[in-house]
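File shown: input-v8.pdb. Contents: PDB, C-alpha atoms.
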```
MODEL        1
ATOM      1  CA  MET A  17     108.208 118.159 260.182
ATOM      2  CA  TYR A  18     106.152 121.233 259.257
ATOM      3  CA  ARG A  19     105.605 122.083 262.925
ATOM      4  CA  TYR A  20     109.352 121.863 263.501
ATOM      5  CA  ILE A  21     110.061 124.225 260.583
ATOM      6  CA  VAL A  22     107.449 126.740 261.805
ATOM      7  CA  THR A  23     108.932 126.585 265.311
ATOM      8  CA  ARG A  24     112.414 127.283 264.016
ATOM      9  CA  LEU A  25     111.105 130.195 261.930
ATOM     10  CA  LEU A  26     109.422 131.729 264.965
ATOM     11  CA  LEU A  27     112.590 131.326 267.036
ATOM     12  CA  ALA A  28     114.559 133.162 264.346
ATOM     13  CA  VAL A  29     112.531 136.362 264.896
ATOM     14  CA  PRO A  30     113.753 137.132 268.461
ATOM     15  CA  THR A  31     117.264 136.215 267.341
ATOM     16  CA  LEU A  32     117.126 138.848 264.606
ATOM     17  CA  VAL A  33     115.690 141.433 267.006
ATOM     18  CA  GLY A  34     118.426 140.717 269.556
ATOM     19  CA  ALA A  35     121.126 140.938 266.903
ATOM     20  CA  ALA A  36     119.651 144.233 265.637
ATOM     21  CA  ALA A  37     119.724 145.645 269.186
ATOM     22  CA  LEU A  38     123.352 144.583 269.633
ATOM     23  CA  VAL A  39     124.436 146.123 266.319
ATOM     24  CA  PHE A  40     122.494 149.307 267.102
ATOM     25  CA  VAL A  41     124.190 149.702 270.495
ATOM     26  CA  LEU A  42     127.692 148.865 269.236
ATOM     27  CA  MET A  43     127.475 151.343 266.362
ATOM     28  CA  ARG A  44     126.570 154.108 268.813
ATOM     29  CA  LEU A  45     129.388 153.211 271.197
ATOM     30  CA  ILE A  46     131.936 154.220 268.554
ATOM     31  CA  PRO A  47     133.723 157.360 269.829
ATOM     32  CA  GLY A  48     133.046 160.679 268.128
ATOM     33  CA  ASP A  49     130.179 162.270 266.258
ATOM     34  CA  VAL A  50     129.492 160.657 262.905
ATOM     35  CA  CYS A  51     128.447 163.998 261.419
ATOM     36  CA  VAL A  52     131.668 165.698 262.508
ATOM     37  CA  ILE A  53     133.707 162.797 261.167
ATOM     38  CA  ARG A  54     131.766 162.761 257.893
ATOM     39  CA  MET A  55     131.869 166.497 257.216
ATOM     40  CA  GLY A  56     135.330 167.205 258.602
ATOM     41  CA  SER A  57     137.185 164.240 257.096
ATOM     42  CA  GLY A  58     139.027 166.539 254.666
ATOM     43  CA  GLY A  59     140.378 168.710 257.492
ATOM     44  CA  SER A  60     138.049 171.639 256.783
ATOM     45  CA  HIS A  61     136.231 173.598 259.487
ATOM     46  CA  VAL A  62     132.673 172.463 260.150
ATOM     47  CA  SER A  63     130.113 174.861 261.546
ATOM     48  CA  GLN A  64     127.793 173.799 264.356
ATOM     49  CA  ALA A  65     124.766 174.602 262.186
ATOM     50  CA  ALA A  66     125.943 172.125 259.548
ATOM     51  CA  VAL A  67     126.515 169.473 262.199
ATOM     52  CA  ASP A  68     123.035 170.075 263.660
ATOM     53  CA  ALA A  69     121.483 169.810 260.199
ATOM     54  CA  CYS A  70     123.327 166.534 259.587
ATOM     55  CA  ARG A  71     122.181 165.107 262.912
ATOM     56  CA  GLN A  72     118.611 166.134 262.168
ATOM     57  CA  GLN A  73     118.772 164.502 258.745
ATOM     58  CA  LEU A  74     120.080 161.229 260.192
ATOM     59  CA  GLY A  75     117.602 161.292 263.078
ATOM     60  CA  LEU A  76     120.363 161.372 265.703
ATOM     61  CA  ASN A  77     118.551 163.994 267.777
ATOM     62  CA  ASP A  78     115.682 161.609 268.537
ATOM     63  CA  HIS A  79     115.532 159.483 271.671
ATOM     64  CA  LEU A  80     117.592 156.263 271.439
ATOM     65  CA  PHE A  81     114.474 154.118 271.814
ATOM     66  CA  VAL A  82     112.808 155.974 268.937
ATOM     67  CA  GLN A  83     115.964 155.583 266.854
ATOM     68  CA  PHE A  84     116.027 151.853 267.581
ATOM     69  CA  LEU A  85     112.371 151.366 266.632
ATOM     70  CA  SER A  86     112.955 153.292 263.412
ATOM     71  CA  PHE A  87     116.077 151.244 262.692
ATOM     72  CA  LEU A  88     114.254 147.988 263.403
ATOM     73  CA  GLY A  89     111.298 148.951 261.209
ATOM     74  CA  ASN A  90     113.570 149.954 258.346
ATOM     75  CA  TYR A  91     115.590 146.762 258.766
ATOM     76  CA  PHE A  92     112.553 144.482 258.445
ATOM     77  CA  THR A  93     111.359 146.438 255.395
ATOM     78  CA  PHE A  94     114.864 146.382 253.826
ATOM     79  CA  ASP A  95     115.134 150.173 253.948
ATOM     80  CA  PHE A  96     118.780 150.638 254.968
ATOM     81  CA  GLY A  97     118.957 154.368 254.274
ATOM     82  CA  ILE A  98     121.326 156.427 252.115
ATOM     83  CA  SER A  99     125.054 155.764 251.939
ATOM     84  CA  MET A 100     127.156 158.606 253.367
ATOM     85  CA  TRP A 101     129.934 157.707 250.963
ATOM     86  CA  SER A 102     128.235 157.451 247.563
ATOM     87  CA  GLY A 103     124.903 159.179 248.240
ATOM     88  CA  ARG A 104     123.060 156.211 246.738
ATOM     89  CA  PRO A 105     120.515 154.046 248.587
ATOM     90  CA  VAL A 106     122.290 151.370 250.568
ATOM     91  CA  ILE A 107     120.012 148.693 249.137
ATOM     92  CA  GLN A 108     121.340 149.553 245.659
ATOM     93  CA  GLU A 109     124.938 149.334 246.831
ATOM     94  CA  ILE A 110     124.269 145.909 248.343
ATOM     95  CA  ALA A 111     122.230 144.682 245.357
ATOM     96  CA  THR A 112     125.149 145.546 243.055
ATOM     97  CA  ARG A 113     127.748 143.651 245.095
ATOM     98  CA  LEU A 114     125.777 140.770 246.649
ATOM     99  CA  PRO A 115     125.419 138.611 243.480
ATOM    100  CA  VAL A 116     129.216 138.416 243.154
ATOM    101  CA  SER A 117     129.830 137.199 246.695
ATOM    102  CA  LEU A 118     126.742 134.993 246.681
ATOM    103  CA  GLN A 119     127.726 133.212 243.464
ATOM    104  CA  ILE A 120     131.278 132.590 244.663
ATOM    105  CA  ALA A 121     129.997 131.336 248.025
ATOM    106  CA  VAL A 122     127.502 128.946 246.403
ATOM    107  CA  MET A 123     130.043 127.619 243.893
ATOM    108  CA  ALA A 124     132.731 127.251 246.568
ATOM    109  CA  THR A 125     130.278 125.374 248.800
ATOM    110  CA  LEU A 126     129.349 122.973 245.984
ATOM    111  CA  ILE A 127     133.025 122.386 245.190
ATOM    112  CA  ALA A 128     133.837 121.828 248.859
ATOM    113  CA  VAL A 129     130.975 119.358 249.357
ATOM    114  CA  LEU A 130     131.804 117.402 246.199
ATOM    115  CA  ILE A 131     135.451 117.122 247.266
ATOM    116  CA  ALA A 132     135.287 116.892 251.046
ATOM    117  CA  ILE A 133     132.522 114.384 251.770
ATOM    118  CA  PRO A 134     133.709 111.611 249.382
ATOM    119  CA  LEU A 135     137.396 112.034 250.276
ATOM    120  CA  GLY A 136     136.689 112.390 254.000
ATOM    121  CA  THR A 137     134.554 109.233 253.943
ATOM    122  CA  ILE A 138     137.164 107.250 251.993
ATOM    123  CA  SER A 139     139.878 108.469 254.345
ATOM    124  CA  ALA A 140     137.923 107.235 257.371
ATOM    125  CA  LEU A 141     137.093 103.873 255.800
ATOM    126  CA  ARG A 142     140.751 103.362 254.786
ATOM    127  CA  GLU A 143     142.232 104.580 258.055
ATOM    128  CA  ASN A 144     146.045 104.596 258.271
ATOM    129  CA  THR A 145     146.471 103.409 254.683
ATOM    130  CA  TRP A 146     148.395 105.293 251.995
ATOM    131  CA  LEU A 147     145.100 106.701 250.691
ATOM    132  CA  ASP A 148     144.260 108.075 254.127
ATOM    133  CA  HIS A 149     147.670 109.738 254.391
ATOM    134  CA  VAL A 150     147.294 111.352 250.955
ATOM    135  CA  VAL A 151     143.867 112.771 251.832
ATOM    136  CA  ARG A 152     145.161 114.105 255.148
ATOM    137  CA  VAL A 153     148.120 115.788 253.439
ATOM    138  CA  VAL A 154     145.750 117.432 250.941
ATOM    139  CA  ALA A 155     143.509 118.634 253.798
ATOM    140  CA  VAL A 156     146.361 119.997 255.919
ATOM    141  CA  ALA A 157     147.872 121.746 252.889
ATOM    142  CA  GLY A 158     144.534 123.434 252.185
ATOM    143  CA  ILE A 159     144.236 124.669 255.763
ATOM    144  CA  ALA A 160     147.842 125.871 255.973
ATOM    145  CA  THR A 161     147.999 127.663 252.618
ATOM    146  CA  PRO A 162     147.156 131.406 252.774
ATOM    147  CA  SER A 163     144.228 132.306 250.572
ATOM    148  CA  PHE A 164     145.977 135.275 248.926
ATOM    149  CA  TRP A 165     148.982 133.127 247.964
ATOM    150  CA  LEU A 166     146.716 130.379 246.630
ATOM    151  CA  GLY A 167     144.797 132.934 244.549
ATOM    152  CA  ILE A 168     147.961 134.481 243.104
ATOM    153  CA  MET A 169     149.439 131.052 242.307
ATOM    154  CA  SER A 170     146.231 129.981 240.547
ATOM    155  CA  ILE A 171     146.399 133.074 238.319
ATOM    156  CA  VAL A 172     150.086 132.432 237.541
ATOM    157  CA  LEU A 173     149.337 128.779 236.788
ATOM    158  CA  VAL A 174     146.550 129.676 234.355
ATOM    159  CA  LEU A 175     148.797 132.235 232.654
ATOM    160  CA  ASP A 176     151.587 129.682 232.221
ATOM    161  CA  ILE A 177     149.304 126.916 230.943
ATOM    162  CA  THR A 178     147.541 129.137 228.407
ATOM    163  CA  TYR A 179     150.848 130.602 227.226
ATOM    164  CA  LEU A 180     152.396 127.159 226.717
ATOM    165  CA  ALA A 181     149.268 125.862 224.984
ATOM    166  CA  THR A 182     148.413 128.809 222.728
ATOM    167  CA  GLY A 183     151.463 131.049 222.815
ATOM    168  CA  LYS A 184     149.372 133.826 224.380
ATOM    169  CA  ALA A 185     148.753 134.376 228.079
ATOM    170  CA  TRP A 186     145.088 134.495 229.084
ATOM    171  CA  MET A 187     143.751 136.664 231.882
ATOM    172  CA  PRO A 188     140.210 136.416 233.279
ATOM    173  CA  PRO A 189     137.974 139.432 232.516
ATOM    174  CA  ILE A 190     137.924 142.178 235.126
ATOM    175  CA  ASP A 191     134.382 143.506 234.701
ATOM    176  CA  TYR A 192     131.700 141.313 236.274
ATOM    177  CA  VAL A 193     128.944 139.964 234.034
ATOM    178  CA  SER A 194     125.844 138.158 235.316
ATOM    179  CA  PHE A 195     125.563 134.432 234.669
ATOM    180  CA  TRP A 196     122.192 134.924 232.969
ATOM    181  CA  GLN A 197     123.651 137.589 230.699
ATOM    182  CA  ASP A 198     126.748 135.693 229.517
ATOM    183  CA  PRO A 199     127.351 132.318 231.256
ATOM    184  CA  ILE A 200     130.757 131.637 229.699
ATOM    185  CA  ARG A 201     132.174 135.067 230.502
ATOM    186  CA  ASN A 202     130.678 134.915 233.996
ATOM    187  CA  LEU A 203     132.272 131.529 234.740
ATOM    188  CA  SER A 204     135.606 132.746 233.389
ATOM    189  CA  ILE A 205     135.475 135.493 236.031
ATOM    190  CA  VAL A 206     134.338 133.510 239.087
ATOM    191  CA  ALA A 207     135.759 130.038 238.361
ATOM    192  CA  LEU A 208     139.239 130.690 239.783
ATOM    193  CA  PRO A 209     138.010 132.475 242.936
ATOM    194  CA  ALA A 210     135.448 129.705 243.537
ATOM    195  CA  LEU A 211     138.077 126.974 243.100
ATOM    196  CA  THR A 212     140.509 128.796 245.379
ATOM    197  CA  VAL A 213     137.957 129.312 248.140
ATOM    198  CA  GLY A 214     136.392 125.886 247.582
ATOM    199  CA  TYR A 215     139.708 124.098 248.091
ATOM    200  CA  ARG A 216     140.349 125.785 251.440
ATOM    201  CA  TYR A 217     136.709 125.270 252.376
ATOM    202  CA  SER A 218     136.901 121.555 251.476
ATOM    203  CA  ALA A 219     140.066 121.057 253.538
ATOM    204  CA  VAL A 220     138.290 121.942 256.793
ATOM    205  CA  THR A 221     135.161 120.007 255.836
ATOM    206  CA  MET A 222     137.241 116.997 254.797
ATOM    207  CA  ARG A 223     138.862 116.713 258.220
ATOM    208  CA  MET A 224     135.516 117.091 259.949
ATOM    209  CA  THR A 225     133.969 114.377 257.750
ATOM    210  CA  ARG A 226     136.835 112.010 258.477
ATOM    211  CA  SER A 227     136.664 112.564 262.245
ATOM    212  CA  ALA A 228     132.880 112.165 262.337
ATOM    213  CA  MET A 229     132.974 108.991 260.220
ATOM    214  CA  LEU A 230     135.694 107.440 262.394
ATOM    215  CA  GLU A 231     133.605 108.115 265.498
ATOM    216  CA  VAL A 232     130.402 106.726 263.988
ATOM    217  CA  MET A 233     132.046 103.609 262.537
ATOM    218  CA  ARG A 234     133.079 102.586 266.068
ATOM    219  CA  GLU A 235     129.516 102.765 267.431
ATOM    220  CA  ASP A 236     127.679  99.665 268.656
ATOM    221  CA  TYR A 237     124.892  99.899 266.082
ATOM    222  CA  ILE A 238     127.460  99.662 263.267
ATOM    223  CA  ARG A 239     128.831  96.430 264.755
ATOM    224  CA  THR A 240     125.258  95.176 265.134
ATOM    225  CA  ALA A 241     124.508  95.938 261.473
ATOM    226  CA  ARG A 242     127.644  94.042 260.428
ATOM    227  CA  SER A 243     126.771  91.087 262.630
ATOM    228  CA  LYS A 244     123.387  90.883 260.878
ATOM    229  CA  GLY A 245     125.199  90.432 257.569
ATOM    230  CA  LEU A 246     124.338  93.748 255.934
ATOM    231  CA  VAL A 247     126.370  94.788 252.935
ATOM    232  CA  GLU A 248     129.153  97.238 253.850
ATOM    233  CA  GLN A 249     127.948  99.818 251.344
ATOM    234  CA  ILE A 250     124.481  99.849 252.918
ATOM    235  CA  ILE A 251     126.011 100.194 256.390
ATOM    236  CA  VAL A 252     128.110 103.161 255.281
ATOM    237  CA  ASN A 253     125.407 104.959 253.276
ATOM    238  CA  ARG A 254     122.324 104.377 255.436
ATOM    239  CA  HIS A 255     123.695 104.121 258.956
ATOM    240  CA  ALA A 256     127.130 105.715 259.207
ATOM    241  CA  LEU A 257     127.272 108.595 256.719
ATOM    242  CA  LYS A 258     123.874 110.049 257.560
ATOM    243  CA  ASN A 259     124.732 110.308 261.265
ATOM    244  CA  ALA A 260     128.262 111.535 260.576
ATOM    245  CA  LEU A 261     126.934 114.392 258.443
ATOM    246  CA  LEU A 262     125.383 116.233 261.417
ATOM    247  CA  PRO A 263     128.576 118.106 262.471
ATOM    248  CA  VAL A 264     129.605 118.416 258.817
ATOM    249  CA  VAL A 265     126.349 120.190 257.936
ATOM    250  CA  THR A 266     126.924 122.590 260.841
ATOM    251  CA  LEU A 267     130.392 123.432 259.571
ATOM    252  CA  ILE A 268     129.163 123.899 255.991
ATOM    253  CA  GLY A 269     126.413 126.281 257.139
ATOM    254  CA  ILE A 270     128.781 128.394 259.228
ATOM    255  CA  GLU A 271     131.423 128.543 256.502
ATOM    256  CA  PHE A 272     128.868 129.512 253.858
ATOM    257  CA  ALA A 273     127.594 132.416 255.948
ATOM    258  CA  PHE A 274     131.159 133.496 256.652
ATOM    259  CA  LEU A 275     132.003 133.520 252.929
ATOM    260  CA  ILE A 276     129.407 136.202 252.156
ATOM    261  CA  GLY A 277     131.288 138.877 254.072
ATOM    262  CA  GLY A 278     134.651 137.174 254.552
ATOM    263  CA  LEU A 279     135.999 137.101 251.000
ATOM    264  CA  VAL A 280     137.922 140.347 251.409
ATOM    265  CA  VAL A 281     141.340 138.944 250.459
ATOM    266  CA  THR A 282     140.000 136.791 247.620
ATOM    267  CA  GLU A 283     138.017 139.679 246.146
ATOM    268  CA  GLN A 284     141.078 141.918 246.375
ATOM    269  CA  VAL A 285     143.338 139.384 244.626
ATOM    270  CA  PHE A 286     140.874 138.738 241.789
ATOM    271  CA  ASN A 287     139.656 142.372 241.629
ATOM    272  CA  LEU A 288     136.027 141.513 242.381
ATOM    273  CA  ASN A 289     133.574 144.040 243.793
ATOM    274  CA  GLY A 290     131.793 141.892 246.343
ATOM    275  CA  ILE A 291     130.341 142.378 249.810
ATOM    276  CA  GLY A 292     133.682 141.873 251.563
ATOM    277  CA  ARG A 293     135.362 144.614 249.554
ATOM    278  CA  LEU A 294     132.364 146.893 250.080
ATOM    279  CA  PHE A 295     132.658 146.271 253.832
ATOM    280  CA  VAL A 296     136.281 147.449 253.823
ATOM    281  CA  GLN A 297     135.465 150.499 251.711
ATOM    282  CA  ALA A 298     132.564 151.427 254.016
ATOM    283  CA  VAL A 299     134.846 151.333 257.070
ATOM    284  CA  GLN A 300     137.624 153.247 255.301
ATOM    285  CA  ASN A 301     135.173 155.957 254.230
ATOM    286  CA  GLN A 302     133.595 156.089 257.711
ATOM    287  CA  ASP A 303     130.191 155.317 256.237
ATOM    288  CA  ASN A 304     128.334 154.239 259.379
ATOM    289  CA  VAL A 305     125.032 153.771 257.594
ATOM    290  CA  LEU A 306     126.498 151.348 255.054
ATOM    291  CA  THR A 307     128.600 149.564 257.684
ATOM    292  CA  GLN A 308     125.550 149.060 259.889
ATOM    293  CA  ALA A 309     123.495 147.722 256.967
ATOM    294  CA  LEU A 310     126.239 145.308 255.880
ATOM    295  CA  THR A 311     126.623 144.038 259.433
ATOM    296  CA  MET A 312     122.904 143.342 259.640
ATOM    297  CA  LEU A 313     123.026 141.632 256.246
ATOM    298  CA  VAL A 314     125.725 139.260 257.484
ATOM    299  CA  VAL A 315     123.707 138.637 260.666
ATOM    300  CA  LEU A 316     120.637 137.831 258.568
ATOM    301  CA  ILE A 317     122.618 135.398 256.414
ATOM    302  CA  PHE A 318     124.015 133.673 259.507
ATOM    303  CA  VAL A 319     120.525 133.313 260.992
ATOM    304  CA  VAL A 320     119.090 131.951 257.738
ATOM    305  CA  SER A 321     122.030 129.549 257.358
ATOM    306  CA  ASN A 322     121.542 128.253 260.904
ATOM    307  CA  LEU A 323     117.830 127.840 260.193
ATOM    308  CA  VAL A 324     118.588 125.762 257.085
ATOM    309  CA  VAL A 325     121.082 123.694 259.105
ATOM    310  CA  ASP A 326     118.431 123.023 261.783
ATOM    311  CA  VAL A 327     115.964 121.842 259.140
ATOM    312  CA  LEU A 328     118.639 119.582 257.634
ATOM    313  CA  TYR A 329     119.239 118.183 261.128
ATOM    314  CA  ALA A 330     115.612 117.128 261.300
ATOM    315  CA  TRP A 331     115.863 115.518 257.868
ATOM    316  CA  LEU A 332     119.070 113.644 258.687
ATOM    317  CA  ASP A 333     117.969 112.563 262.170
ATOM    318  CA  PRO A 334     114.163 112.197 262.617
ATOM    319  CA  ARG A 335     114.599 111.989 266.416
ATOM    320  CA  ILE A 336     115.373 115.718 266.514
ATOM    321  CA  ARG A 337     111.968 116.904 265.312
ATOM    322  CA  TYR A 338     110.161 114.642 267.795
ATOM    323  CA  SER A 339     112.167 115.661 270.858
TER     324      SER A 339
ENDMDL
END
```
For the file at hand, write its structure as structure tokens.
Amino acid sequence: MYRYIVTRLLLAVPTLVGAAALVFVLMRLIPGDVCVIRMGSGGSHVSQAAVDACRQQLGLNDHLFVQFLSFLGNYFTFDFGISMWSGRPVIQEIATRLPVSLQIAVMATLIAVLIAIPLGTISALRENTWLDHVVRVVAVAGIATPSFWLGIMSIVLVLDITYLATGKAWMPPIDYVSFWQDPIRNLSIVALPALTVGYRYSAVTMRMTRSAMLEVMREDYIRTARSKGLVEQIIVNRHALKNALLPVVTLIGIEFAFLIGGLVVTEQVFNLNGIGRLFVQAVQNQDNVLTQALTMLVVLIFVVSNLVVDVLYAWLDPRIRYS
């Protein structure tokens, strides 16, 4: 098992280097000069001397190979440079916003797993019954409902319930507070976004769990286990569910990585300053340095998530680490 983990860690290094090279090339294929765009965004005249000074400061006059090596070295030491928009170090901008998106992603993943796996398993075991139809309707509704509408409706629902119960409408706080600083206030801020995202997240995972369980329950080794007289609960827990979780774990890992930078609409609806909102602001302000750093951050999270999924594969199916 340890050899398998070390192997996967070593394979992640060339993946990160390849992703860094791709991001580096794509950022430099964007038309125009970043210094001209940055300094002339207000419509004012920009002198060539100012442009040359900007290019020298950003290291754009160096050879592309030298720029790439510098970018790669800074990336692996978490030195992402200075934001063109705010003038602050990019690592500070990310450190301020990342806890918000990370907490919502973790809470949404926990909610999705707690909802999707039990309901998806029950739906597969009770195929074509009324319970199966109810679970499928819930899953399809979660997939079909737009996230912004679901977020707005959740806020309206909370307002109505609190007004009917106390005679005063309650709104979640706007300013973000760390969980370790004030747990109750923190949960009052992120609970609704996490529930909203978690429901949509669970809908996709629920359908995947149901499909995987239906496929596994028709396998020969399940019929063999039943013919030996094993209890149905043991067959489901030890033989069926563990094998059915392989595609489900893949989906959970991909969705979790996507949530870190893909919560743009949710963060906008609930007025949260997360990574997704920072991504949009960086593009709007033509901050190439910040955009490049955020892209690499998302790449890193995807690689780490895939690494965790691979390790979980080996834990769920011991044949993988021996092959």
Could you expand the PyMOL selection byres ((chain A and resi 154-167) around 9) into the explicit residues it covers here, written as an mmCIF file with C-alpha atoms, in the frame of the given file?
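File part-v5.cif, as written:
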```
data_model
loop_
_atom_site.group_PDB
_atom_site.id
_atom_site.type_symbol
_atom_site.label_atom_id
_atom_site.label_comp_id
_atom_site.auth_asym_id
_atom_site.auth_seq_id
_atom_site.Cartn_x
_atom_site.Cartn_y
_atom_site.Cartn_z
ATOM 1 C CA ALA A 132 135.287 116.892 251.046
ATOM 2 C CA HIS A 149 147.670 109.738 254.391
ATOM 3 C CA VAL A 150 147.294 111.352 250.955
ATOM 4 C CA VAL A 151 143.867 112.771 251.832
ATOM 5 C CA ARG A 152 145.161 114.105 255.148
ATOM 6 C CA VAL A 153 148.120 115.788 253.439
ATOM 7 C CA ILE A 168 147.961 134.481 243.104
ATOM 8 C CA MET A 169 149.439 131.052 242.307
ATOM 9 C CA SER A 170 146.231 129.981 240.547
ATOM 10 C CA ILE A 171 146.399 133.074 238.319
ATOM 11 C CA VAL A 172 150.086 132.432 237.541
ATOM 12 C CA LEU A 208 139.239 130.690 239.783
ATOM 13 C CA PRO A 209 138.010 132.475 242.936
ATOM 14 C CA THR A 212 140.509 128.796 245.379
ATOM 15 C CA VAL A 213 137.957 129.312 248.140
ATOM 16 C CA TYR A 215 139.708 124.098 248.091
ATOM 17 C CA ARG A 216 140.349 125.785 251.440
ATOM 18 C CA TYR A 217 136.709 125.270 252.376
ATOM 19 C CA SER A 218 136.901 121.555 251.476
ATOM 20 C CA ALA A 219 140.066 121.057 253.538
ATOM 21 C CA VAL A 220 138.290 121.942 256.793
ATOM 22 C CA THR A 221 135.161 120.007 255.836
ATOM 23 C CA MET A 222 137.241 116.997 254.797
ATOM 24 C CA ARG A 223 138.862 116.713 258.220
ATOM 25 C CA VAL A 281 141.340 138.944 250.459
ATOM 26 C CA THR A 282 140.000 136.791 247.620
ATOM 27 C CA GLN A 284 141.078 141.918 246.375
ATOM 28 C CA VAL A 285 143.338 139.384 244.626
ATOM 29 C CA PHE A 286 140.874 138.738 241.789
#
```
* For Gln119 in chain A, which of A:Leu328, A:Trp196, A:Ile138, A:Leu294 is the closest residue, counting all atoms listed in the file? -> A:Trp196
* Asked: Need the neighbours of (136.3, 117.4, 262.4): which residues are at most 12 Å away, counting only C-alpha atoms, as a ChimeraX atom specification?
  -> /A:132-133,136-137,140,152,155,218-231,260-268
* Could you check how far CA of Thr93 in chain A sits from CA of Gln297 in chain A, in Å to one decimal? =>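 According to the coordinates, CA of Thr93 in chain A and CA of Gln297 in chain A are separated by 24.7 Å.
We find CA of Ile127 in chain A and CA of Ser194 in chain A to be spaced 19.9 Å apart.
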* What is the CA of Thr178 in chain A-CA of Ile120 in chain A distance in Å, reported with one decimal? ->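 That distance, rounded to one decimal, is 23.3 Å.
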* Closest of A:Ser139, A:Asn144, A:Asn90, A:Ser117 to Ala309 in chain A - atom-to-atom distances counting all atoms listed in the file -> A:Asn90
* Find, counting all atoms listed in the file, the residue in A:Ile317, A:Ile21, A:Val252, A:Ile131 that gets nearest to Ile276 in chain A. =>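 Distance minimum relative to Ile276 in chain A lands on A:Ile317.
Shortest atom-to-atom contact with Val174 in chain A among A:Ser243, A:Ser204, A:Glu283, A:Thr145: A:Ser204, counting only C-alpha atoms.
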* Extract, using only C-alpha atoms, all DNA, RNA and protein residues at most 10 Å from Tyr237 in chain A, discarding same-chain residues fewer than 4 positions from it, and format them as a PyMOL selection string. => chain A and resi 232-233+241-243+251+255-256
* For Glu271 in chain A, which of A:Leu135, A:Ala124, A:Ala207, A:Ile200 is the closest residue, counting all atoms listed in the file? -> A:Ala124
* Taking (126.8, 139.0, 259.1) in the file's own coordinates, collect the residues within 12 Å, counting only C-alpha atoms, and hand them back as JSON, numbers by chain. => {"A": [32, 35, 36, 39, 270, 271, 272, 273, 274, 275, 276, 277, 278, 291, 292, 295, 307, 308, 309, 310, 311, 312, 313, 314, 315, 316, 317, 318, 319, 320, 321]}
I'd like a table as CSV: residues in range 272-309 of chain A with an atom no more than 10 Å from range 98-104 of chain A, each row giving the shortest atom pair and its distance in Å to one decimal, all atoms listed in the file counted, sorted by chain and rising residue number.
```
residue,atom,partner,partner_atom,distance
A:Gln297,CA,A:Trp101,CA,9.1
A:Ala298,CA,A:Trp101,CA,7.5
A:Gln300,CA,A:Trp101,CA,9.9
A:Asn301,CA,A:Trp101,CA,6.4
A:Gln302,CA,A:Trp101,CA,7.8
A:Asp303,CA,A:Met100,CA,5.3
A:Asn304,CA,A:Met100,CA,7.5
A:Val305,CA,A:Ser99,CA,6.0
A:Leu306,CA,A:Ser99,CA,5.6
A:Thr307,CA,A:Ser99,CA,9.2
A:Ala309,CA,A:Ser99,CA,9.6
```
* Considering all atoms listed in the file, state which residue in the set A:Asp326, A:Glu109, A:Asp333, A:Asp191 is at the smallest distance from Tyr20 in chain A. =>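 The shortest atom-to-atom distance to Tyr20 in chain A comes from A:Asp326.
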